[in-house]
>>> print(open('target_14.txt').read())   # compact mmCIF, C-alpha atoms
# COMPACT_ATOMS: atom_id res chain seq x y z
CA MET A 402 58.49 23.56 36.49
CA LYS A 403 57.70 25.52 39.64
CA LYS A 404 54.17 24.88 40.85
CA ASN A 405 51.43 26.90 42.59
CA ILE A 406 52.45 30.22 41.01
CA LYS A 407 49.39 32.38 41.56
CA LYS A 408 49.40 34.27 38.27
CA VAL A 409 49.87 31.06 36.27
CA VAL A 410 47.07 29.25 38.11
CA ASN A 411 44.78 32.26 37.68
CA ALA A 412 45.56 32.41 33.96
CA TRP A 413 44.83 28.69 33.60
CA CYS A 414 41.44 29.13 35.28
CA MET A 415 40.67 32.07 33.00
CA TYR A 416 40.69 29.82 29.96
CA ASP A 417 37.69 28.03 31.49
CA TRP A 418 36.09 31.46 31.83
CA ALA A 419 36.84 32.11 28.13
CA ASN A 420 35.87 28.86 26.40
CA SER A 421 32.80 28.06 28.50
CA ALA A 422 30.99 30.81 26.59
CA TYR A 423 30.94 28.33 23.69
CA SER A 424 29.77 25.37 25.76
CA LEU A 425 26.83 27.34 27.19
CA THR A 426 25.58 29.66 24.44
CA ILE A 427 26.50 27.60 21.34
CA ALA A 428 26.48 24.01 22.55
CA VAL A 429 23.73 24.11 25.17
CA ALA A 430 21.44 27.12 25.38
CA VAL A 431 20.94 29.34 22.35
CA PHE A 432 22.17 27.65 19.17
CA PRO A 433 20.33 24.29 19.52
CA VAL A 434 17.01 26.06 20.11
CA TYR A 435 17.70 28.64 17.37
CA TYR A 436 18.73 25.84 15.00
CA ARG A 437 15.46 23.93 15.54
CA SER A 438 13.20 26.99 15.35
CA SER A 439 14.94 28.51 12.32
CA THR A 440 14.95 25.28 10.31
CA SER A 441 11.31 24.63 11.25
CA HIS A 442 10.47 28.10 9.95
CA PHE A 443 11.90 27.39 6.50
CA PHE A 444 10.72 23.78 6.18
CA PRO A 445 7.09 22.68 6.76
CA THR A 446 8.02 19.59 8.77
CA GLU A 447 10.96 18.71 11.01
CA MET A 448 12.61 17.00 8.04
CA VAL A 449 15.44 19.15 6.62
CA PRO A 450 17.66 18.72 3.53
CA PHE A 451 21.29 17.89 4.14
CA PHE A 452 23.33 17.44 0.95
CA GLY A 453 20.32 16.00 -0.84
CA ILE A 454 19.15 13.76 1.99
CA PHE A 455 16.12 14.63 4.15
CA ILE A 456 16.55 13.92 7.85
CA ASN A 457 14.87 14.97 11.11
CA ASN A 458 16.47 18.22 12.30
CA THR A 459 17.13 17.08 15.89
CA VAL A 460 18.53 13.75 14.70
CA LEU A 461 20.83 15.59 12.28
CA TYR A 462 22.07 17.82 15.08
CA SER A 463 22.79 14.80 17.31
CA TYR A 464 24.70 13.11 14.51
CA SER A 465 26.67 16.29 13.75
CA LEU A 466 27.89 16.35 17.36
CA SER A 467 28.94 12.71 17.03
CA PHE A 468 30.85 13.51 13.84
CA SER A 469 32.61 16.52 15.41
CA PHE A 470 33.85 14.50 18.33
CA PHE A 471 34.87 11.70 15.99
CA ILE A 472 37.17 14.11 14.11
CA ILE A 473 38.83 15.44 17.25
CA THR A 474 39.21 11.89 18.58
CA LEU A 475 41.24 11.05 15.48
CA LEU A 476 43.35 14.21 15.72
CA SER A 477 44.07 14.68 19.41
CA PRO A 478 46.35 11.68 20.11
CA ILE A 479 48.91 12.60 17.48
CA LEU A 480 48.64 16.32 18.21
CA SER A 481 49.21 15.81 21.91
CA GLY A 482 52.12 13.48 21.25
CA ILE A 483 53.71 16.16 19.08
CA SER A 484 52.95 18.70 21.80
CA ASP A 485 54.84 16.72 24.44
CA SER A 486 57.86 16.04 22.25
CA GLY A 487 57.91 19.22 20.21
CA ASN A 488 57.29 22.14 22.56
CA LYS A 489 54.03 23.03 20.78
CA ARG A 490 51.39 22.69 23.48
CA LYS A 491 50.57 26.39 23.61
CA PHE A 492 50.62 26.58 19.81
CA PHE A 493 47.87 23.98 19.54
CA LEU A 494 45.91 25.56 22.38
CA LYS A 495 45.93 28.86 20.48
CA SER A 496 45.15 27.24 17.12
CA PHE A 497 42.07 25.37 18.29
CA ALA A 498 40.82 28.37 20.26
CA LEU A 499 41.11 30.59 17.18
CA MET A 500 39.34 28.05 14.98
CA GLY A 501 36.55 27.56 17.49
CA SER A 502 35.94 31.23 18.21
CA GLY A 503 36.04 32.12 14.51
CA SER A 504 33.50 29.41 13.71
CA CYS A 505 31.17 30.73 16.41
CA MET A 506 31.20 34.13 14.73
CA MET A 507 30.51 32.55 11.33
CA LEU A 508 27.23 31.16 12.70
CA TYR A 509 25.86 34.69 12.42
CA PHE A 510 25.31 33.91 8.72
CA PHE A 511 23.15 30.83 9.45
CA ASP A 512 19.46 31.72 9.16
CA GLY A 513 17.79 28.32 8.89
CA HIS A 514 17.59 27.70 5.16
CA ASN A 515 21.34 27.02 4.75
CA VAL A 516 21.37 23.88 6.89
CA GLU A 517 24.71 22.61 5.60
CA PHE A 518 26.38 25.93 6.49
CA GLY A 519 25.03 25.87 10.04
CA ILE A 520 26.02 22.26 10.64
CA LEU A 521 29.51 22.86 9.19
CA PHE A 522 30.43 25.79 11.40
CA SER A 523 28.73 24.45 14.52
CA SER A 524 30.85 21.31 13.99
CA LEU A 525 34.05 23.33 13.50
CA ALA A 526 33.28 25.33 16.66
CA CYS A 527 32.82 22.07 18.53
CA ILE A 528 36.13 20.71 17.19
CA GLY A 529 37.92 23.90 18.20
CA TYR A 530 36.49 23.75 21.70
CA ALA A 531 37.15 20.06 22.24
CA GLY A 532 40.61 20.21 20.68
CA SER A 533 41.78 23.06 22.88
CA LEU A 534 40.76 21.19 26.03
CA VAL A 535 43.31 18.44 25.34
CA PHE A 536 46.15 20.90 25.80
CA TYR A 537 44.43 23.03 28.44
CA ASN A 538 43.69 20.09 30.77
CA SER A 539 47.24 18.76 30.48
CA TYR A 540 48.60 21.85 32.22
CA LEU A 541 46.77 21.06 35.48
CA PRO A 542 49.15 18.53 37.09
CA GLU A 543 52.13 20.66 36.03
CA ILE A 544 51.08 24.01 37.48
CA VAL A 545 49.71 22.91 40.87
CA SER A 546 50.77 20.36 43.48
CA ALA A 547 48.72 17.21 44.06
CA ASP A 548 47.02 18.57 47.18
CA LYS A 549 45.61 21.53 45.21
CA ILE A 550 44.37 19.69 42.12
CA ASP A 551 40.78 19.15 43.33
CA ALA A 552 40.32 22.77 44.39
CA THR A 553 41.98 24.19 41.27
CA SER A 554 39.92 22.01 38.93
CA ALA A 555 36.74 23.04 40.74
CA ARG A 556 37.78 26.68 40.58
CA GLY A 557 38.36 26.47 36.83
CA TYR A 558 34.96 24.96 36.19
CA SER A 559 33.30 27.42 38.55
CA LEU A 560 34.85 30.37 36.73
CA GLY A 561 33.69 28.83 33.48
CA TYR A 562 30.13 28.52 34.77
CA LEU A 563 30.20 32.08 36.11
CA GLY A 564 31.69 33.70 33.01
CA SER A 565 29.46 31.86 30.56
CA THR A 566 26.41 32.67 32.67
CA LEU A 567 27.22 36.40 32.67
CA LEU A 568 27.55 36.40 28.89
CA LEU A 569 24.38 34.34 28.46
CA LEU A 570 22.45 36.81 30.62
CA CYS A 571 23.57 39.62 28.33
CA ASN A 572 22.62 37.56 25.30
CA LEU A 573 19.24 36.71 26.84
CA VAL A 574 18.43 40.41 27.22
CA MET A 575 19.50 40.96 23.62
CA ILE A 576 17.24 38.12 22.42
CA LEU A 577 14.17 38.97 24.53
CA TYR A 578 14.35 42.71 23.86
CA SER A 579 15.75 42.58 20.36
CA GLY A 580 13.82 45.68 19.30
CA LEU A 581 15.66 47.85 21.82
CA PHE A 582 18.92 46.92 20.11
CA GLY A 583 17.60 47.67 16.63
CA PHE A 584 17.23 44.01 15.63
CA SER A 585 14.36 42.89 13.42
CA ASP A 586 13.48 39.92 15.65
CA SER A 587 14.78 37.60 18.37
CA GLY A 588 16.44 35.45 15.71
CA MET A 589 18.75 38.32 14.85
CA GLY A 590 19.49 38.70 18.55
CA SER A 591 20.50 35.04 18.65
CA ARG A 592 22.77 35.47 15.63
CA VAL A 593 24.52 38.46 17.18
CA SER A 594 25.00 36.41 20.37
CA PHE A 595 27.08 33.95 18.32
CA ILE A 596 29.46 36.79 17.45
CA SER A 597 29.66 37.79 21.13
CA VAL A 598 30.71 34.24 22.04
CA GLY A 599 33.58 34.28 19.55
CA ILE A 600 34.86 37.65 20.78
CA TRP A 601 34.53 36.63 24.45
CA TRP A 602 36.28 33.30 23.87
CA ILE A 603 39.33 34.56 22.03
CA GLY A 604 39.55 37.83 23.97
CA PHE A 605 39.85 36.28 27.43
CA SER A 606 41.99 33.42 26.08
CA PHE A 607 44.88 35.82 25.63
CA ILE A 608 45.28 35.94 29.42
CA ALA A 609 46.01 32.22 29.39
CA PHE A 610 48.15 32.50 26.27
CA TYR A 611 50.34 35.12 27.94
CA PHE A 612 50.95 33.50 31.32
CA LEU A 613 50.83 29.76 30.69
CA PRO A 614 54.31 28.29 30.14
CA ASP A 615 55.52 26.44 27.07
CA ASN A 616 56.73 22.87 27.41
CA GLY A 617 60.29 23.96 27.94
CA VAL A 618 62.94 22.23 25.87
CA GLY A 619 62.30 20.23 22.78
CA ASN A 620 62.31 20.26 19.02
CA THR A 621 60.46 23.37 17.83
CA ARG A 622 60.74 22.83 14.05
CA TRP A 623 58.17 20.98 12.00
CA SER A 624 59.57 17.78 10.52
CA PHE A 625 58.75 14.15 9.85
CA SER A 626 60.77 13.16 12.91
CA LEU A 627 58.53 15.39 15.02
CA LEU A 628 55.47 13.62 13.63
CA ARG A 629 57.06 10.25 14.35
CA SER A 630 57.97 11.29 17.88
CA GLY A 631 54.34 12.20 18.43
CA TYR A 632 53.31 8.62 17.70
CA SER A 633 56.14 7.44 19.92
CA GLU A 634 54.81 9.44 22.88
CA ILE A 635 51.33 8.00 22.39
CA LYS A 636 52.73 4.48 22.23
CA LYS A 637 54.64 4.98 25.49
CA VAL A 638 51.50 6.04 27.32
CA TYR A 639 49.50 3.18 25.82
CA LEU A 640 52.07 0.64 27.01
CA SER A 641 52.22 2.22 30.45
CA LEU A 642 48.43 1.93 30.81
CA GLN A 643 48.69 -1.83 30.38
CA LYS A 644 50.59 -1.91 33.68
CA GLN A 645 48.31 0.53 35.53
CA ALA A 646 44.98 -1.12 36.24
CA GLY A 647 43.78 1.86 38.27
CA ILE A 648 43.92 4.29 35.37
CA ARG A 649 42.66 1.68 32.92
CA TYR A 650 39.50 0.87 34.89
CA PHE A 651 38.94 4.55 35.60
CA LEU A 652 39.01 5.36 31.87
CA ILE A 653 36.52 2.58 31.12
CA ALA A 654 34.16 3.81 33.84
CA PHE A 655 34.67 7.37 32.62
CA PHE A 656 33.71 6.33 29.08
CA PHE A 657 30.29 5.12 30.15
CA TYR A 658 29.27 7.77 32.67
CA ASN A 659 30.68 10.59 30.57
CA ALA A 660 28.68 9.40 27.57
CA GLY A 661 25.52 9.93 29.58
CA ALA A 662 26.57 13.22 31.18
CA GLN A 663 27.87 14.92 28.03
CA THR A 664 24.89 13.83 25.95
CA THR A 665 22.54 15.26 28.56
CA MET A 666 24.43 18.55 28.57
CA TYR A 667 24.47 18.96 24.79
CA LEU A 668 20.89 17.89 24.10
CA ALA A 669 18.94 19.04 27.17
CA SER A 670 17.65 22.20 25.49
CA LEU A 671 16.43 20.22 22.47
CA PHE A 672 14.62 17.87 24.88
CA GLY A 673 12.89 20.82 26.52
CA SER A 674 11.97 22.30 23.15
CA LYS A 675 10.74 19.13 21.48
CA GLU A 676 9.25 17.09 24.33
CA MET A 677 8.07 19.89 26.63
CA GLY A 678 7.30 22.57 24.06
CA LEU A 679 9.17 25.18 26.12
CA SER A 680 9.96 28.57 24.61
CA SER A 681 13.55 29.69 24.11
CA ASP A 682 13.39 32.31 26.88
CA LYS A 683 12.25 29.73 29.46
CA LEU A 684 14.92 27.29 28.33
CA ILE A 685 17.68 29.90 28.57
CA LEU A 686 16.54 30.94 32.06
CA ILE A 687 16.59 27.30 33.17
CA ILE A 688 20.07 26.79 31.74
CA ILE A 689 21.31 29.89 33.58
CA ILE A 690 20.02 28.38 36.81
CA ILE A 691 21.76 25.11 35.93
CA GLN A 692 25.04 27.00 35.59
CA ILE A 693 24.67 28.65 38.99
CA VAL A 694 23.81 25.33 40.64
CA ALA A 695 26.77 23.72 38.85
CA ILE A 696 29.16 26.13 40.59
CA VAL A 697 27.87 24.93 43.95
CA GLY A 698 28.06 21.31 42.76
CA ALA A 699 31.70 21.62 41.69
CA TYR A 700 32.81 22.90 45.09
CA PHE A 701 30.50 20.58 47.03
CA PHE A 702 31.84 17.43 45.42
CA ALA A 703 35.43 18.68 45.69
CA LEU A 704 34.77 18.85 49.45
CA VAL A 705 33.16 15.39 49.43
CA SER A 706 36.21 14.01 47.62
CA LYS A 707 38.54 15.59 50.15
CA LYS A 708 36.58 14.20 53.09
CA ARG A 709 35.50 10.78 51.79
CA GLY A 710 37.74 10.13 48.77
CA ALA A 711 37.42 10.24 44.98
CA ARG A 712 35.69 6.86 44.66
CA TYR A 713 32.88 7.81 47.06
CA SER A 714 32.38 11.19 45.39
CA LEU A 715 32.19 9.76 41.86
CA MET A 716 29.97 6.81 42.83
CA PHE A 717 27.55 9.17 44.54
CA LEU A 718 27.50 11.35 41.44
CA ILE A 719 26.81 8.42 39.13
CA VAL A 720 23.84 7.28 41.23
CA CYS A 721 22.44 10.82 41.11
CA TRP A 722 22.80 10.82 37.32
CA ILE A 723 20.80 7.58 37.08
CA LEU A 724 17.98 9.17 39.07
CA CYS A 725 18.02 12.25 36.83
CA CYS A 726 17.80 10.24 33.60
CA CYS A 727 14.97 8.07 34.90
CA SER A 728 13.10 11.18 36.04
CA ALA A 729 13.40 12.74 32.56
CA TYR A 730 11.04 10.10 31.18
CA PHE A 731 8.25 11.17 33.52
CA VAL A 732 8.45 14.98 33.48
CA GLN A 733 5.22 16.54 32.21
CA ASP A 734 5.17 20.23 33.15
CA PHE A 735 7.45 23.21 33.56
CA LEU A 736 7.87 22.84 37.33
CA GLN A 737 8.97 19.22 37.04
CA PHE A 738 11.42 20.10 34.27
CA PHE A 739 12.73 22.99 36.37
CA LEU A 740 13.38 20.72 39.38
CA LEU A 741 15.05 18.15 37.15
CA ALA A 742 17.28 20.89 35.69
CA ILE A 743 18.45 21.86 39.18
CA GLY A 744 19.43 18.25 39.83
CA VAL A 745 21.26 18.00 36.52
CA GLY A 746 23.16 21.24 37.21
CA TRP A 747 24.26 20.05 40.62
CA VAL A 748 25.69 16.75 39.36
CA MET A 749 27.04 18.29 36.13
CA GLY A 750 29.32 20.62 38.06
CA GLY A 751 30.52 17.75 40.22
CA ILE A 752 31.10 15.13 37.52
CA GLN A 753 33.18 17.37 35.26
CA SER A 754 35.41 18.74 37.99
CA GLN A 755 35.87 15.44 39.81
CA SER A 756 36.67 13.50 36.63
CA ARG A 757 39.47 15.86 35.62
CA ALA A 758 40.87 16.09 39.15
CA SER A 759 40.73 12.33 39.78
CA TYR A 760 42.49 11.49 36.54
CA SER A 761 45.18 14.10 37.24
CA GLN A 762 45.92 12.37 40.51
CA LEU A 763 46.08 8.92 38.93
CA ILE A 764 48.80 9.95 36.47
CA PRO A 765 52.16 8.58 37.68
CA VAL A 766 54.24 10.96 39.78
CA GLY A 767 56.90 12.75 37.77
CA SER A 768 55.43 11.93 34.37
CA LEU A 769 56.99 14.08 31.67
CA ASN A 770 54.29 13.50 29.06
CA ASN A 771 51.16 14.80 30.74
CA THR A 772 49.68 15.95 27.44
CA SER A 773 49.85 12.41 26.06
CA TYR A 774 48.22 11.05 29.22
CA PHE A 775 45.51 13.65 28.87
CA SER A 776 45.19 12.76 25.22
CA PHE A 777 44.01 9.31 26.26
CA TYR A 778 41.63 10.99 28.66
CA ASP A 779 40.43 13.23 25.84
CA VAL A 780 40.06 10.32 23.40
CA VAL A 781 37.89 8.50 25.93
CA ASP A 782 35.98 11.73 26.61
CA LYS A 783 35.25 12.37 22.94
CA SER A 784 34.64 8.72 22.07
CA SER A 785 32.08 8.48 24.83
CA THR A 786 30.39 11.65 23.59
CA ILE A 787 30.28 10.13 20.10
CA ALA A 788 28.66 7.00 21.50
CA GLY A 789 26.23 8.89 23.71
CA THR A 790 25.02 11.45 21.17
CA PHE A 791 24.79 8.82 18.42
CA LEU A 792 22.80 6.49 20.69
CA TYR A 793 20.54 9.35 21.70
CA GLY A 794 19.96 10.39 18.09
CA LEU A 795 19.42 6.80 16.93
CA ILE A 796 16.77 6.08 19.55
CA ASP A 797 15.11 9.42 18.78
CA HIS A 798 15.12 8.43 15.10
CA LEU A 799 13.68 4.95 15.75
CA THR A 800 11.08 5.88 18.37
CA GLY A 801 10.43 9.56 17.70
CA SER A 802 10.83 10.16 21.43
CA MET A 803 13.68 11.83 23.29
CA ARG A 804 12.21 10.41 26.50
CA MET A 805 13.21 6.92 25.43
CA SER A 806 16.67 8.26 24.60
CA ALA A 807 16.99 9.62 28.15
CA VAL A 808 16.10 6.23 29.62
CA ALA A 809 18.78 4.57 27.49
CA LEU A 810 21.40 6.80 29.12
CA CYS A 811 20.63 5.19 32.50
CA PHE A 812 22.21 1.95 31.36
CA LEU A 813 25.47 3.74 30.55
CA PHE A 814 25.72 5.01 34.12
CA ILE A 815 24.90 1.58 35.54
CA VAL A 816 27.74 -0.04 33.58
CA SER A 817 30.17 2.65 34.79
CA ILE A 818 29.51 1.71 38.43
CA PHE A 819 30.84 -1.80 37.79
CA TYR A 820 34.20 -0.50 36.53
CA MET A 821 34.49 2.36 39.01
CA ARG A 822 34.39 -0.15 41.87
CA ARG A 823 37.54 -1.80 40.44
CA VAL A 824 39.67 1.36 40.42
CA LYS A 825 42.56 1.20 42.92
CA TRP A 826 43.14 4.77 44.01
CA GLY A 827 46.55 3.95 45.52
CA GLU A 828 48.11 3.82 42.04
CA GLY A 829 49.62 6.92 40.50
CA SER A 830 50.19 9.98 42.62
CA ILE A 831 47.58 9.31 45.32
>>> encode(input="target_14.txt", output="structure tokens")
Amino acid sequence: MKKNIKKVVNAWCMYDWANSAYSLTIAVAVFPVYYRSSTSHFFPTEMVPFFGIFINNTVLYSYSLSFSFFIITLLSPILSGISDSGNKRKFFLKSFALMGSGSCMMLYFFDGHNVEFGILFSSLACIGYAGSLVFYNSYLPEIVSADKIDATSARGYSLGYLGSTLLLLCNLVMILYSGLFGFSDSGMGSRVSFISVGIWWIGFSFIAFYFLPDNGVGNTRWSFSLLRSGYSEIKKVYLSLQKQAGIRYFLIAFFFYNAGAQTTMYLASLFGSKEMGLSSDKLILIIIIIQIVAIVGAYFFALVSKKRGARYSLMFLIVCWILCCCSAYFVQDFLQFFLLAIGVGWVMGGIQSQSRASYSQLIPVGSLNNTSYFSFYDVVDKSSTIAGTFLYGLIDHLTGSMRMSAVALCFLFIVSIFYMRRVKWGEGSI
């Protein structure tokens, strides 16, 4: 496949622009706060019914994230193996994007009393988002040369931050000034914002769908042999990892630091709402600032990686994450939370971009099954998110304090440093 084709690279980056609307409005900014406020409105305490069982609303939300990522962890290896052997990468990218965007729009019908409905479709939206990334990420080493991976990865994330921030700003106006739009209250503005996310996501995705290439040759008919070949592809990558200590140690380190980073991203707004008592408008404004800072962070750490190497860049990021998590325990007012949010945004942009770029460069030169390699990356990504969100929810359940949960995340980052130091960056394509 010819690399560095401008229109293909631009189309690939545009999928970040499209799907990041979910990660910001649904996963981070609006839905978690709306979910907590709407359920608290219908139920006198923070305990909500879920299929006959009463559970704390924030704990339930944490567990639902864990469950969503558990499902996609089970599905993605076999799907990506089929994708590599069966010329269906773009098919799965489209399928998960459609499921995710449709589920976002269904959240319009969640008003707080139908807890099961809200958890179901927020989980399906999460599965659609996470599932599509398996196939989206696997395109990166195929469409650009090794010397452009860092910059292209950073550009994709930056476009994602920019696009999702623009949509969130529009949604913020709609929520704060709901009366001007004919809505009964800000809750209705939030519900309409969920529809806007679904339309934005699938609408801009068609740019990527049109320009991104298919796998090329391969079996295109569904059959048992195609399913079997999917397992075969996964097995090949698993065996190859046994001989590549660099990738193996990187994935272990990634598991621990990603557990902390992803959990922080998904549950930061709930922390601000529950522990700080911040209103939804203040939280959304802070998250918008985080997105802007994250753009700078993505490019800054891409430059650090280019000048000092991937190991230095990632180690520096991990240390910064430890400081952020420790600081979360002590924040007491809005200004302190605001400063902490700036720090989190800066390292969030760097850690996501650098992780994807570094792994792309560790994949062996000339590998024909990039999707299967990225499936392992995705399994580790989702497994770590399962572990992180479950740990966070469990400690919140046992102690009643999200501050203690934040401290627990520090230990995940500390463990990751040990394994990151063992990665040999000379293996693979760098």
>>> residues_around(input="target_14.txt", residues="A:Phe672", least_positions_apart="4", cutoff="10 Å", atoms="only C-alpha atoms", output="list in words")
Val434, Thr459, Thr665, Tyr667, Leu668, Glu676, Met677, Gly678, Leu679, Ala729, Ser802, Met803, Arg804, Ser806 and Ala807 of chain A
>>> residues_near_point(input="target_14.txt", point="(23.5, 4.4, 34.3)", cutoff="10 Å", atoms="all atoms listed in the file", output="list in words")
Phe657, Tyr658, Ala660, Gly661, Ala662, Ile719, Val720, Cys721, Trp722, Ile723, Leu724, Cys725, Cys726, Cys727, Val808, Ala809, Leu810, Cys811, Phe812, Leu813, Phe814, Ile815, Val816, Ser817 and Ile818 of chain A
>>> closest_residue(input="target_14.txt", among="A:Tyr778, A:Phe432, A:Phe605, A:Phe452", to="A:Phe522", atoms="all atoms listed in the file")
A:Phe432
>>> closest_residue(input="target_14.txt", among="A:Ser559, A:Glu517, A:Leu581, A:Asp512", to="A:Gly453", atoms="all atoms listed in the file")
A:Glu517
>>> atom_distance(input="target_14.txt", atom1="atom CA of A:Ile685", atom2="atom CA of A:Leu563")
14.8 Å
>>> atom_distance(input="target_14.txt", atom1="atom CA of A:Tyr760", atom2="atom CA of A:Leu652")
8.5 Å
>>> residues_around(input="target_14.txt", residues="A:Ser467", least_positions_apart="6", cutoff="10 Å", atoms="all atoms listed in the file", output="list in words")
Leu461, Ser524, Thr664, Lys783, Ser784, Ser785, Thr786, Ile787, Ala788, Gly789, Thr790, Phe791, Leu792 and Gly794 of chain A
>>> build_atoms(input="target_14.txt", residues="stretch 574-592 of chain A", atoms="N, CA and C atoms", output="PDB file, in the frame of the given file")
ATOM      1  N   VAL A 574      19.044  39.083  27.328  1.00  0.00           N
ATOM      2  CA  VAL A 574      18.430  40.410  27.220  1.00  0.00           C
ATOM      3  C   VAL A 574      18.361  40.848  25.762  1.00  0.00           C
ATOM      4  N   MET A 575      19.426  40.578  25.032  1.00  0.00           N
ATOM      5  CA  MET A 575      19.500  40.960  23.620  1.00  0.00           C
ATOM      6  C   MET A 575      18.471  40.193  22.787  1.00  0.00           C
ATOM      7  N   ILE A 576      18.199  38.938  23.158  1.00  0.00           N
ATOM      8  CA  ILE A 576      17.240  38.120  22.420  1.00  0.00           C
ATOM      9  C   ILE A 576      15.802  38.497  22.772  1.00  0.00           C
ATOM     10  N   LEU A 577      15.525  38.669  24.074  1.00  0.00           N
ATOM     11  CA  LEU A 577      14.170  38.970  24.530  1.00  0.00           C
ATOM     12  C   LEU A 577      13.726  40.379  24.150  1.00  0.00           C
ATOM     13  N   TYR A 578      14.669  41.309  24.164  1.00  0.00           N
ATOM     14  CA  TYR A 578      14.350  42.710  23.860  1.00  0.00           C
ATOM     15  C   TYR A 578      15.111  43.156  22.615  1.00  0.00           C
ATOM     16  N   SER A 579      14.993  42.344  21.591  1.00  0.00           N
ATOM     17  CA  SER A 579      15.750  42.580  20.360  1.00  0.00           C
ATOM     18  C   SER A 579      15.446  43.945  19.738  1.00  0.00           C
ATOM     19  N   GLY A 580      14.197  44.400  19.878  1.00  0.00           N
ATOM     20  CA  GLY A 580      13.820  45.680  19.300  1.00  0.00           C
ATOM     21  C   GLY A 580      14.584  46.847  19.883  1.00  0.00           C
ATOM     22  N   LEU A 581      14.919  46.771  21.174  1.00  0.00           N
ATOM     23  CA  LEU A 581      15.660  47.850  21.820  1.00  0.00           C
ATOM     24  C   LEU A 581      17.071  47.980  21.254  1.00  0.00           C
ATOM     25  N   PHE A 582      17.570  46.903  20.676  1.00  0.00           N
ATOM     26  CA  PHE A 582      18.920  46.920  20.110  1.00  0.00           C
ATOM     27  C   PHE A 582      18.905  47.147  18.596  1.00  0.00           C
ATOM     28  N   GLY A 583      17.722  47.407  18.064  1.00  0.00           N
ATOM     29  CA  GLY A 583      17.600  47.670  16.630  1.00  0.00           C
ATOM     30  C   GLY A 583      17.548  46.426  15.770  1.00  0.00           C
ATOM     31  N   PHE A 584      17.304  45.252  16.390  1.00  0.00           N
ATOM     32  CA  PHE A 584      17.230  44.010  15.630  1.00  0.00           C
ATOM     33  C   PHE A 584      15.800  43.798  15.130  1.00  0.00           C
ATOM     34  N   SER A 585      15.672  43.127  14.010  1.00  0.00           N
ATOM     35  CA  SER A 585      14.360  42.890  13.420  1.00  0.00           C
ATOM     36  C   SER A 585      13.526  41.898  14.223  1.00  0.00           C
ATOM     37  N   ASP A 586      14.183  40.914  14.840  1.00  0.00           N
ATOM     38  CA  ASP A 586      13.480  39.920  15.650  1.00  0.00           C
ATOM     39  C   ASP A 586      14.449  39.241  16.590  1.00  0.00           C
ATOM     40  N   SER A 587      13.927  38.300  17.400  1.00  0.00           N
ATOM     41  CA  SER A 587      14.780  37.600  18.370  1.00  0.00           C
ATOM     42  C   SER A 587      15.805  36.713  17.675  1.00  0.00           C
ATOM     43  N   GLY A 588      15.478  36.266  16.455  1.00  0.00           N
ATOM     44  CA  GLY A 588      16.440  35.450  15.710  1.00  0.00           C
ATOM     45  C   GLY A 588      17.708  36.221  15.418  1.00  0.00           C
ATOM     46  N   MET A 589      17.569  37.493  15.082  1.00  0.00           N
ATOM     47  CA  MET A 589      18.750  38.320  14.850  1.00  0.00           C
ATOM     48  C   MET A 589      19.534  38.501  16.144  1.00  0.00           C
ATOM     49  N   GLY A 590      18.812  38.617  17.265  1.00  0.00           N
ATOM     50  CA  GLY A 590      19.490  38.700  18.550  1.00  0.00           C
ATOM     51  C   GLY A 590      20.311  37.454  18.837  1.00  0.00           C
ATOM     52  N   SER A 591      19.765  36.297  18.478  1.00  0.00           N
ATOM     53  CA  SER A 591      20.500  35.040  18.650  1.00  0.00           C
ATOM     54  C   SER A 591      21.754  35.019  17.782  1.00  0.00           C
ATOM     55  N   ARG A 592      21.625  35.493  16.551  1.00  0.00           N
ATOM     56  CA  ARG A 592      22.770  35.470  15.630  1.00  0.00           C
ATOM     57  C   ARG A 592      23.882  36.398  16.108  1.00  0.00           C
TER      58      ARG A 592
END
